[in-house]
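Please read the structure below before turning to the comments.
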Amino acid sequence: MDIFGFLTLVGGLALFLYGMSVMGSGLEKLSGGRLERILEKLTSNPIKAVLLGAGVTAVIQSSSATTVMVVGFVNSSIMKLSQAIGIIMGANIGTTITAWVLSLTGIQGDNLFVKLLKPSSFTPILALIGIIMYMSGKNSKKKDIGEILLGFAVLMFGMDAMSGAVKPLADVPEFTNILLMFNNPFLGIVVGAILTAIIQSSSASVGILQALSVTGAFTYSSVVPIIMGQNIGTCVTAMLSSIGANKGARRTAFVHLYFNLIGTILFMAVYFGLNKLIGFAFADDVVGAAGIALLHTTFNVFTTLVLLPFTKVLEKLAYLTLPVSEEEKAPVEDQEFQILDDRFLQTPAFAIEQCRTLANKMAELAKESFVRAMKTLDGYSDEEAEEIVKLENRIDLYEDKISVYLTKLSSQNLSYNDSQNVSTLLHCITDLERISDHAVNVVESVQEMNKRDLQFSKKAEEEMRIYRSAVEEILDRTTSAFVHGDQSQAITVEPLEEVIDQLNKDVKKRHIKRMRKGKCTVDLGLLLSDIATNFERVSDHCSNIAVCLIQVQDTELEAHSYVNQLKDGEHLSFEKQVEVLEQKYSLPKDKEKSNT
């Protein structure tokens, strides 16, 4: 091989690895986190776990990605170790699909149908379709499909380049003698493990082996140990992922390692033992790309079938390696935030779902905090005030944890939809946190009234009770729209916000009149004004959240123009809703005003 042949080999390898990465990334984006949610809701049935693990890995084309995801599930307490074992077994089977696809490069024949099956025939067409979809696609789904096709095309071109570069080496004795060294089973396992550990992908490692097989230097018996080593080497990704995680996650990584180690020992013993006793006719035959794919699949199916009945043994083995500590027995502080695991950042759609889960809880807590704060107007207690402050601190923690995680997530390669969802969540959690701040403000005003033994007049109490009811309804509507993603509910928020704006003005005007007549003190008037202002500010935040939710469907909608259009009377339904709500929350008639 001259320098140009070597450069072709290196370039082919680079294209192959890049194509596999692009294709995998596109497949994950297209799945939109749905596959991960299926895994998350998995039952404890081991057979279902194996099937789902195989299915998910076959789709996203990466057993490492699936295993890392499972490590994250266990670390976040979303999944138990016993559930994770079946998925890991299935992932090893699912990853063999890639080898079968790559084996198409070895198809030979002059038949038209056979020629069409060769990647060199259909890959250029897929590349053309892919680039058209990627460049012209207006929605993220088309772009993702285009990315998948382009990744597959680049992967296949890389495979062809590698195979073409190494093919002349079949006539070079020095090179074939190096490959013959792999007949030593121990050396084969070590080389396979090291190669896979370096590139962190058993599929890519097997693909490289398939490309080298065109030299004709490999036999079935010589590649068996290499394939075994490749399966062991792929465990490195999960082991690295478990660093810094809790013991449950590290046990999951050890289960993956033990599964492949035990499988390797058993398969090697059975294969070489039977070959010694009866002698396999194919053992010394030259192996091609399809033969390597068959061995890869056989090993993983064999290991799964043998070890599936012994999942409890693998679990116990992991617990023997990492025994349960006293720290694990103690309740974990802020355990609910563990679902924001950095491992999920590699699958943005699923990571967004985890953020949404916490944001939904945050929305419910924010509503609870303000409703409880308003109820202190009926009867204040220091204990309740302290609870509301604690609730506000808790909501601050939610906002801090979610925003930090979403900021990390925004630096990933996000699809348009994912980027929009991240932006929406960031805006909404800011408004939710502000609602809880206003709850504390209300409590502080009521606390001041209690200290100074101040009390609203009967009229003021009645007016504030109506005002409170309107605010509680807008909180209900907004929370329901946010938690359920209900666009129709979100649209109903703005008319109520308009009514609350008017209520705020009317309540303050009436109180000013009472102050002028000496029926209310200036101090009490200021406190009522502060409380009423906090009520109105909360409705503003509800409006902001509702508009954000509406923008998810209408991406060209601009918040201020939307609100202005509604208030300018361009939407008749808006005016009708306002009229109904004004009647519902109308203040008692001012007797003096009605007499004039």
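Letters for chains follow the order of the structure tokens (A, B, ...), residue numbers begin at 1 for each chain, and ligand numbers begin at 1 in the order shown.
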
Exercise. A:Thr424: which residues within 8 Å, counting only C-alpha atoms, same-chain residues fewer than 2 positions away excluded, as number ranges by chain?
Worked result: A: 420-422, 426-428, 548-549, 552

Store the residues of this selection in a file with C-alpha atoms, as a tab-separated table (two decimals), in the first residue's frame.
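This is the output file selection.tsv:
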chain	number	residue	atom	x	y	z
A	420	GLN	CA	-38.58	26.00	20.43
A	421	ASN	CA	-39.65	23.78	23.35
A	422	VAL	CA	-36.53	24.71	25.32
A	426	LEU	CA	-37.35	28.77	29.95
A	427	HIS	CA	-39.86	31.61	29.54
A	428	CYS	CA	-42.63	29.80	31.40
A	548	CYS	CA	-45.94	31.16	25.06
A	549	LEU	CA	-48.12	28.05	24.79
A	552	VAL	CA	-45.80	26.67	20.13

Under the rule of at most 12 Å, produce a per-residue listing of stretch 148-247 of chain A near stretch 341-346 of chain A: chain, number, name, the closest pair of atoms, and the distance in Å, as a Markdown table, using only C-alpha atoms.
| residue | atom | partner | partner_atom | distance |
| --- | --- | --- | --- | --- |
| A:Thr237 | CA | A:Arg343 | CA | 11.4 |
| A:Ala238 | CA | A:Arg343 | CA | 10.3 |
| A:Leu240 | CA | A:Arg343 | CA | 11.0 |
| A:Ser241 | CA | A:Arg343 | CA | 7.4 |
| A:Ser242 | CA | A:Arg343 | CA | 9.3 |
| A:Ile243 | CA | A:Arg343 | CA | 11.1 |
| A:Gly244 | CA | A:Asp342 | CA | 10.8 |
| A:Ala245 | CA | A:Asp341 | CA | 9.2 |
| A:Asn246 | CA | A:Asp341 | CA | 11.2 |

Could you take the residues named above and write them with C-alpha atoms, as an mmCIF file, in the first residue's frame?
data_model
loop_
_atom_site.group_PDB
_atom_site.id
_atom_site.type_symbol
_atom_site.label_atom_id
_atom_site.label_comp_id
_atom_site.auth_asym_id
_atom_site.auth_seq_id
_atom_site.Cartn_x
_atom_site.Cartn_y
_atom_site.Cartn_z
ATOM 1 C CA THR A 237 -18.989 3.709 27.111
ATOM 2 C CA ALA A 238 -21.413 2.673 29.861
ATOM 3 C CA LEU A 240 -17.425 5.939 31.599
ATOM 4 C CA SER A 241 -21.014 7.182 31.707
ATOM 5 C CA SER A 242 -21.480 5.775 35.214
ATOM 6 C CA ILE A 243 -18.565 7.770 36.627
ATOM 7 C CA GLY A 244 -19.961 10.259 39.107
ATOM 8 C CA ALA A 245 -23.358 8.550 39.109
ATOM 9 C CA ASN A 246 -24.975 6.805 42.055
#

For this session: Write out as a list in words which residues come within 9 Å of stretch 292-295 of chain A when counting only C-alpha atoms, dropping same-chain ones fewer than 2 positions away.
Result: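 What passes the distance filter is Thr96, Ile97, Thr98, Ala99, Trp100, Val101, Leu102, Ser103, Val206, Leu209, Gln210, Ser213, Tyr220, Val223, Val224, Ile227, Val287, Gly288, Ala289, Ala290, Thr297, Thr298, Phe299 and Asn300 of chain A.
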
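With only C-alpha atoms as the basis for measurement, A:Met228 is the residue among A:Met228, A:Val214, A:Val59, A:Ile395 that approaches A:Thr196 most closely.
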
Exercise. Between A:Ala373, A:Leu524, A:Ala91, A:Leu320, which is the closest to A:Ser457 once you count only C-alpha atoms?
Worked result: A:Leu524

For this session: Select, from A:Ala269, A:Leu377, A:Val70, A:Ile198, the residue with the minimum atom-to-atom distance to A:Leu527, counting only C-alpha atoms.
Result: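 Result for the nearest residue to A:Leu527: A:Leu377.
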
Seminar exercise, completed: atom CA of A:Arg452 sits from atom CA of A:Glu433 at a separation of 29.5 Å

Problem set entry | Counting only C-alpha atoms, the option among A:Phe218, A:Tyr134, A:Tyr398, A:Tyr405 closest to A:Ala363 |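 Looking only at the distances to A:Ala363, the closest residue turns out to be A:Tyr398.
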
As an mmCIF file with C-alpha atoms, in the first residue's frame, list the residues of stretch 163-409 of chain A assigned to alpha helix (DSSP H) by DSSP on the backbone atoms of this structure.
data_model
loop_
_atom_site.group_PDB
_atom_site.id
_atom_site.type_symbol
_atom_site.label_atom_id
_atom_site.label_comp_id
_atom_site.auth_asym_id
_atom_site.auth_seq_id
_atom_site.Cartn_x
_atom_site.Cartn_y
_atom_site.Cartn_z
ATOM 1 C CA SER A 163 -12.672 -1.975 1.447
ATOM 2 C CA GLY A 164 -11.140 -0.661 -1.784
ATOM 3 C CA ALA A 165 -8.040 0.606 0.043
ATOM 4 C CA VAL A 166 -7.307 -2.656 1.882
ATOM 5 C CA PRO A 173 2.414 -11.335 2.720
ATOM 6 C CA GLU A 174 3.568 -9.005 5.516
ATOM 7 C CA PHE A 175 0.039 -7.639 6.026
ATOM 8 C CA THR A 176 -1.674 -11.021 5.895
ATOM 9 C CA ASN A 177 0.856 -12.383 8.399
ATOM 10 C CA ILE A 178 -0.139 -9.592 10.830
ATOM 11 C CA LEU A 179 -3.812 -10.525 10.459
ATOM 12 C CA LEU A 180 -2.995 -14.186 10.983
ATOM 13 C CA PRO A 185 -7.993 -16.241 20.687
ATOM 14 C CA PHE A 186 -6.630 -14.189 23.578
ATOM 15 C CA LEU A 187 -4.946 -11.669 21.256
ATOM 16 C CA GLY A 188 -8.120 -11.452 19.157
ATOM 17 C CA ILE A 189 -10.242 -10.607 22.195
ATOM 18 C CA VAL A 190 -7.759 -7.954 23.387
ATOM 19 C CA VAL A 191 -7.495 -6.273 19.968
ATOM 20 C CA GLY A 192 -11.279 -6.300 19.449
ATOM 21 C CA ALA A 193 -11.862 -4.838 22.917
ATOM 22 C CA ILE A 194 -9.225 -2.100 22.535
ATOM 23 C CA LEU A 195 -10.433 -1.038 19.074
ATOM 24 C CA THR A 196 -14.065 -0.803 20.236
ATOM 25 C CA ALA A 197 -13.101 0.977 23.462
ATOM 26 C CA ILE A 198 -11.255 3.632 21.432
ATOM 27 C CA ILE A 199 -14.070 4.380 18.967
ATOM 28 C CA SER A 202 -19.263 -1.982 18.527
ATOM 29 C CA SER A 203 -21.209 -1.388 15.293
ATOM 30 C CA ALA A 204 -18.395 0.748 13.881
ATOM 31 C CA SER A 205 -15.777 -1.731 15.102
ATOM 32 C CA VAL A 206 -17.576 -4.641 13.442
ATOM 33 C CA GLY A 207 -17.894 -2.534 10.274
ATOM 34 C CA ILE A 208 -14.115 -2.007 10.199
ATOM 35 C CA LEU A 209 -13.646 -5.763 10.618
ATOM 36 C CA GLN A 210 -16.035 -6.361 7.715
ATOM 37 C CA ALA A 211 -14.044 -3.934 5.546
ATOM 38 C CA LEU A 212 -10.786 -5.764 6.388
ATOM 39 C CA TYR A 220 -14.460 -17.908 10.932
ATOM 40 C CA SER A 221 -12.360 -19.157 13.842
ATOM 41 C CA SER A 222 -10.059 -16.134 13.793
ATOM 42 C CA VAL A 223 -12.849 -13.524 13.864
ATOM 43 C CA VAL A 224 -14.856 -15.165 16.669
ATOM 44 C CA PRO A 225 -12.474 -13.902 19.429
ATOM 45 C CA ILE A 226 -12.325 -10.433 17.804
ATOM 46 C CA ILE A 227 -16.118 -10.172 17.816
ATOM 47 C CA MET A 228 -16.151 -11.304 21.452
ATOM 48 C CA GLY A 229 -13.630 -8.575 22.291
ATOM 49 C CA GLN A 230 -15.700 -5.983 20.425
ATOM 50 C CA ASN A 231 -18.700 -6.755 22.626
ATOM 51 C CA ILE A 232 -16.548 -6.380 25.738
ATOM 52 C CA GLY A 233 -15.037 -3.117 24.453
ATOM 53 C CA CYS A 235 -18.956 -1.714 27.743
ATOM 54 C CA VAL A 236 -16.412 1.089 28.150
ATOM 55 C CA THR A 237 -18.989 3.709 27.111
ATOM 56 C CA ALA A 238 -21.413 2.673 29.861
ATOM 57 C CA MET A 239 -18.607 2.411 32.426
ATOM 58 C CA LEU A 240 -17.425 5.939 31.599
ATOM 59 C CA SER A 241 -21.014 7.182 31.707
ATOM 60 C CA LYS A 247 -24.325 3.162 42.875
ATOM 61 C CA GLY A 248 -27.453 2.015 41.060
ATOM 62 C CA ALA A 249 -26.168 3.454 37.792
ATOM 63 C CA ARG A 250 -22.709 1.959 38.325
ATOM 64 C CA ARG A 251 -24.280 -1.434 39.002
ATOM 65 C CA THR A 252 -26.086 -1.128 35.659
ATOM 66 C CA ALA A 253 -22.766 -0.545 33.891
ATOM 67 C CA PHE A 254 -21.290 -3.579 35.682
ATOM 68 C CA VAL A 255 -24.256 -5.724 34.593
ATOM 69 C CA HIS A 256 -23.482 -4.747 30.995
ATOM 70 C CA LEU A 257 -19.835 -5.723 31.498
ATOM 71 C CA TYR A 258 -20.640 -9.030 33.256
ATOM 72 C CA PHE A 259 -23.199 -9.930 30.587
ATOM 73 C CA ASN A 260 -20.588 -9.627 27.832
ATOM 74 C CA LEU A 261 -17.758 -11.204 29.846
ATOM 75 C CA ILE A 262 -19.814 -14.243 30.865
ATOM 76 C CA GLY A 263 -21.248 -14.484 27.347
ATOM 77 C CA THR A 264 -17.756 -14.407 25.853
ATOM 78 C CA ILE A 265 -16.489 -17.168 28.156
ATOM 79 C CA LEU A 266 -19.514 -19.382 27.477
ATOM 80 C CA PHE A 267 -19.544 -18.820 23.703
ATOM 81 C CA MET A 268 -15.796 -19.384 23.375
ATOM 82 C CA ALA A 269 -16.047 -22.568 25.434
ATOM 83 C CA VAL A 270 -18.966 -23.909 23.378
ATOM 84 C CA TYR A 271 -17.565 -22.887 19.972
ATOM 85 C CA PHE A 272 -13.966 -24.066 20.422
ATOM 86 C CA GLY A 273 -15.071 -27.084 22.496
ATOM 87 C CA LEU A 274 -17.461 -28.337 19.806
ATOM 88 C CA ASN A 275 -14.953 -27.465 17.078
ATOM 89 C CA LYS A 276 -12.409 -29.640 18.882
ATOM 90 C CA LEU A 277 -14.849 -32.524 19.316
ATOM 91 C CA ALA A 289 -18.909 -9.366 5.603
ATOM 92 C CA ALA A 290 -22.108 -11.441 5.797
ATOM 93 C CA GLY A 291 -20.353 -14.171 7.783
ATOM 94 C CA ILE A 292 -19.115 -11.598 10.316
ATOM 95 C CA ALA A 293 -22.657 -10.209 10.650
ATOM 96 C CA LEU A 294 -23.946 -13.760 11.226
ATOM 97 C CA LEU A 295 -21.342 -14.465 13.935
ATOM 98 C CA HIS A 296 -22.063 -11.129 15.608
ATOM 99 C CA THR A 297 -25.795 -11.865 15.726
ATOM 100 C CA THR A 298 -25.307 -15.483 16.804
ATOM 101 C CA PHE A 299 -23.111 -14.496 19.733
ATOM 102 C CA ASN A 300 -25.542 -11.888 21.068
ATOM 103 C CA VAL A 301 -28.650 -14.039 20.611
ATOM 104 C CA PHE A 302 -26.865 -17.011 22.210
ATOM 105 C CA THR A 303 -25.717 -14.955 25.203
ATOM 106 C CA THR A 304 -29.167 -13.457 25.719
ATOM 107 C CA LEU A 305 -30.969 -16.817 25.534
ATOM 108 C CA VAL A 306 -28.508 -18.419 27.959
ATOM 109 C CA LEU A 307 -28.409 -15.565 30.515
ATOM 110 C CA THR A 311 -31.119 -12.007 35.367
ATOM 111 C CA LYS A 312 -31.401 -12.262 39.163
ATOM 112 C CA VAL A 313 -27.902 -13.762 39.263
ATOM 113 C CA LEU A 314 -26.514 -10.845 37.236
ATOM 114 C CA GLU A 315 -28.302 -8.441 39.576
ATOM 115 C CA LYS A 316 -26.839 -10.150 42.658
ATOM 116 C CA LEU A 317 -23.407 -10.119 41.061
ATOM 117 C CA ALA A 318 -23.684 -6.344 40.570
ATOM 118 C CA TYR A 319 -24.747 -5.916 44.217
ATOM 119 C CA LEU A 320 -21.795 -8.076 45.342
ATOM 120 C CA THR A 321 -19.499 -5.770 43.384
ATOM 121 C CA GLU A 326 -25.809 3.251 54.526
ATOM 122 C CA GLU A 327 -25.957 6.389 52.383
ATOM 123 C CA GLU A 328 -28.162 4.575 49.869
ATOM 124 C CA LYS A 329 -30.594 3.519 52.588
ATOM 125 C CA PRO A 348 -32.675 16.148 23.675
ATOM 126 C CA ALA A 349 -36.339 15.288 23.074
ATOM 127 C CA PHE A 350 -36.384 12.991 26.090
ATOM 128 C CA ALA A 351 -34.387 15.472 28.202
ATOM 129 C CA ILE A 352 -37.026 18.115 27.407
ATOM 130 C CA GLU A 353 -39.741 15.719 28.606
ATOM 131 C CA GLN A 354 -37.901 15.347 31.921
ATOM 132 C CA CYS A 355 -37.778 19.137 32.262
ATOM 133 C CA ARG A 356 -41.458 19.356 31.399
ATOM 134 C CA THR A 357 -42.295 16.829 34.126
ATOM 135 C CA LEU A 358 -40.612 19.022 36.745
ATOM 136 C CA ALA A 359 -42.004 22.215 35.237
ATOM 137 C CA ASN A 360 -45.526 20.791 35.581
ATOM 138 C CA LYS A 361 -44.898 20.172 39.291
ATOM 139 C CA MET A 362 -43.497 23.685 39.563
ATOM 140 C CA ALA A 363 -46.666 25.112 37.977
ATOM 141 C CA GLU A 364 -48.871 23.301 40.489
ATOM 142 C CA LEU A 365 -46.717 24.525 43.389
ATOM 143 C CA ALA A 366 -46.739 28.111 42.096
ATOM 144 C CA LYS A 367 -50.541 28.055 41.897
ATOM 145 C CA GLU A 368 -50.753 26.518 45.376
ATOM 146 C CA SER A 369 -48.427 29.164 46.840
ATOM 147 C CA PHE A 370 -50.481 32.094 45.553
ATOM 148 C CA VAL A 371 -53.870 30.586 46.413
ATOM 149 C CA ARG A 372 -52.639 29.962 49.974
ATOM 150 C CA ALA A 373 -51.261 33.500 50.127
ATOM 151 C CA MET A 374 -54.643 34.958 49.120
ATOM 152 C CA LYS A 375 -56.378 32.872 51.806
ATOM 153 C CA ASP A 382 -47.236 32.851 61.336
ATOM 154 C CA GLU A 383 -47.125 29.108 60.678
ATOM 155 C CA GLU A 384 -48.942 29.462 57.336
ATOM 156 C CA ALA A 385 -46.742 32.418 56.378
ATOM 157 C CA GLU A 386 -43.623 30.306 57.023
ATOM 158 C CA GLU A 387 -45.025 27.467 54.910
ATOM 159 C CA ILE A 388 -45.658 29.835 51.992
ATOM 160 C CA VAL A 389 -42.094 31.183 52.239
ATOM 161 C CA LYS A 390 -40.760 27.588 52.259
ATOM 162 C CA LEU A 391 -42.898 26.858 49.211
ATOM 163 C CA GLU A 392 -41.463 29.886 47.440
ATOM 164 C CA ASN A 393 -37.915 28.720 48.242
ATOM 165 C CA ARG A 394 -38.798 25.304 46.839
ATOM 166 C CA ILE A 395 -40.096 26.886 43.639
ATOM 167 C CA ASP A 396 -36.881 28.942 43.372
ATOM 168 C CA LEU A 397 -34.954 25.666 43.511
ATOM 169 C CA TYR A 398 -37.120 24.229 40.730
ATOM 170 C CA GLU A 399 -36.474 27.289 38.589
ATOM 171 C CA ASP A 400 -32.730 27.121 39.237
ATOM 172 C CA LYS A 401 -32.387 23.377 38.501
ATOM 173 C CA ILE A 402 -34.565 23.402 35.388
ATOM 174 C CA SER A 403 -33.047 26.574 33.881
ATOM 175 C CA VAL A 404 -29.468 25.321 34.386
ATOM 176 C CA TYR A 405 -30.364 22.003 32.728
ATOM 177 C CA LEU A 406 -32.184 23.694 29.844
ATOM 178 C CA THR A 407 -29.176 25.976 29.310
ATOM 179 C CA LYS A 408 -26.949 22.892 29.019
ATOM 180 C CA LEU A 409 -29.486 21.359 26.671
#
